[in-house]
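What follows is one structure encoded as structure tokens, with my remarks underneath.
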Amino acid sequence: MTAEQTNGSCCSPEGTCHSGSADVQVGGVTTTYKVSGMTCGHCEGAVSAEISEIPGVNSVQASAATGLVTVSSKAPLDETAVRAAVDEAGYELEGLAA
């Protein structure tokens, strides 16, 4: 039987819609920053790679279309470290997204 047959949903018996481990860390922090200068996928990758190097970062999702970078971390990050990482990638951290 599939999960769909057992509970009428595509979700797993645990109530998640993803197979394997979850991306969300329990007790973690998600912060969204506004970054200027990103125009393409390469830009997104460069910013994501630099921010991913900050200790405690679990995941980074950058969007050139919106200029937003969402960072999932074990604890709140020092904005100075995030700014330095974004600068290293060649872009400008405008601050926290509104």
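How things are named: the first chain in the structure tokens is A, the next is B, and so on; residues count from 1 in each chain; ligands count from 1 in the order shown.
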
- Item | Shell of 7 Å around Asn58 in chain A, only C-alpha atoms, local chain residues under 6 positions omitted, as a PyMOL selection string | chain A and resi 72-74

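For range 85-91 of chain A, the list of residues within 10 Å, based on only C-alpha atoms and with local chain neighbours fewer than 6 positions off taken out, reads Val35, Ser36, Gly37, Met38, Cys43, Glu44, Gly45, Ala46, Val47, Ser48, Ala49, Glu50, Ile51, Ser52, Glu53, Ile54 and Glu79 of chain A.
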
**Asked** What is the distance, in Å and to one decimal place, between CA of His42 in chain A and CA of Val29 in chain A?
**Response**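 According to the coordinates, CA of His42 in chain A and CA of Val29 in chain A are separated by 25.7 Å.
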
Q.
Rounded to one decimal, what separation in Å do you get between CA of Glu92 in chain A and CA of Gly28 in chain A?
A.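 Pair CA of Glu92 in chain A / CA of Gly28 in chain A returns 25.1 Å.
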
- Message: Using only C-alpha atoms for the distances, tell me which of A:Lys34, A:Gly41, A:Pro55, A:Ala62 is nearest to Ala75 in chain A.
- Response: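 Ranked by minimum distance to Ala75 in chain A, first place goes to A:Pro55.
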
Using CA of Gly67 in chain A and CA of Arg83 in chain A as the two end points, give the distance in Å to one decimal.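 Going from CA of Gly67 in chain A over to CA of Arg83 in chain A, I get 14.4 Å.
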
Task: Expected answer as an MDAnalysis selection string: strand (DSSP E or B) residues in range 19-93 of chain A - done: chainID A and resid 29:36 57:63 68:73 92:93

Selected residues written out with N, CA and C atoms, as a short mmCIF file (atom, residue, chain, number, x, y, z; two decimals), in the first residue's frame:
data_model
loop_
_atom_site.label_atom_id
_atom_site.label_comp_id
_atom_site.auth_asym_id
_atom_site.auth_seq_id
_atom_site.Cartn_x
_atom_site.Cartn_y
_atom_site.Cartn_z
N VAL A 29 16.82 28.81 13.21
CA VAL A 29 16.39 30.18 12.92
C VAL A 29 16.40 30.38 11.41
N THR A 30 15.36 31.01 10.88
CA THR A 30 15.32 31.36 9.47
C THR A 30 15.28 32.88 9.36
N THR A 31 16.22 33.43 8.60
CA THR A 31 16.33 34.88 8.44
C THR A 31 16.39 35.19 6.96
N THR A 32 15.67 36.24 6.53
CA THR A 32 15.69 36.65 5.13
C THR A 32 16.35 38.02 5.02
N TYR A 33 17.32 38.09 4.11
CA TYR A 33 18.07 39.32 3.88
C TYR A 33 17.79 39.84 2.48
N LYS A 34 17.96 41.14 2.31
CA LYS A 34 17.86 41.79 1.01
C LYS A 34 19.27 42.02 0.50
N VAL A 35 19.56 41.50 -0.71
CA VAL A 35 20.89 41.63 -1.30
C VAL A 35 20.73 42.28 -2.67
N SER A 36 21.52 43.32 -2.94
CA SER A 36 21.43 43.98 -4.25
C SER A 36 22.56 43.51 -5.15
N VAL A 57 25.40 27.70 9.65
CA VAL A 57 24.42 27.81 8.57
C VAL A 57 24.05 26.41 8.09
N ASN A 58 22.73 26.15 8.02
CA ASN A 58 22.23 24.86 7.55
C ASN A 58 21.91 24.89 6.06
N SER A 59 21.29 25.98 5.59
CA SER A 59 20.93 26.09 4.18
C SER A 59 20.77 27.55 3.79
N VAL A 60 20.94 27.79 2.48
CA VAL A 60 20.80 29.15 1.93
C VAL A 60 20.00 29.05 0.65
N GLN A 61 19.01 29.92 0.49
CA GLN A 61 18.22 29.99 -0.74
C GLN A 61 18.26 31.43 -1.23
N ALA A 62 18.92 31.67 -2.35
CA ALA A 62 19.04 33.02 -2.91
C ALA A 62 18.17 33.13 -4.15
N SER A 63 17.52 34.28 -4.34
CA SER A 63 16.70 34.53 -5.52
C SER A 63 17.10 35.85 -6.16
N LEU A 68 16.17 38.44 -2.61
CA LEU A 68 16.07 37.93 -1.24
C LEU A 68 16.94 36.70 -1.07
N VAL A 69 17.55 36.60 0.10
CA VAL A 69 18.37 35.45 0.47
C VAL A 69 17.85 34.95 1.81
N THR A 70 17.36 33.73 1.83
CA THR A 70 16.81 33.14 3.05
C THR A 70 17.84 32.16 3.60
N VAL A 71 18.20 32.38 4.86
CA VAL A 71 19.24 31.57 5.51
C VAL A 71 18.63 30.84 6.69
N SER A 72 18.85 29.55 6.72
CA SER A 72 18.43 28.71 7.84
C SER A 72 19.69 28.38 8.63
N SER A 73 19.67 28.66 9.94
CA SER A 73 20.87 28.43 10.75
C SER A 73 20.49 27.88 12.11
N GLU A 92 25.99 43.41 -2.41
CA GLU A 92 25.81 44.27 -1.26
C GLU A 92 24.61 43.81 -0.42
N LEU A 93 24.88 43.61 0.88
CA LEU A 93 23.81 43.28 1.81
C LEU A 93 23.13 44.59 2.20
#
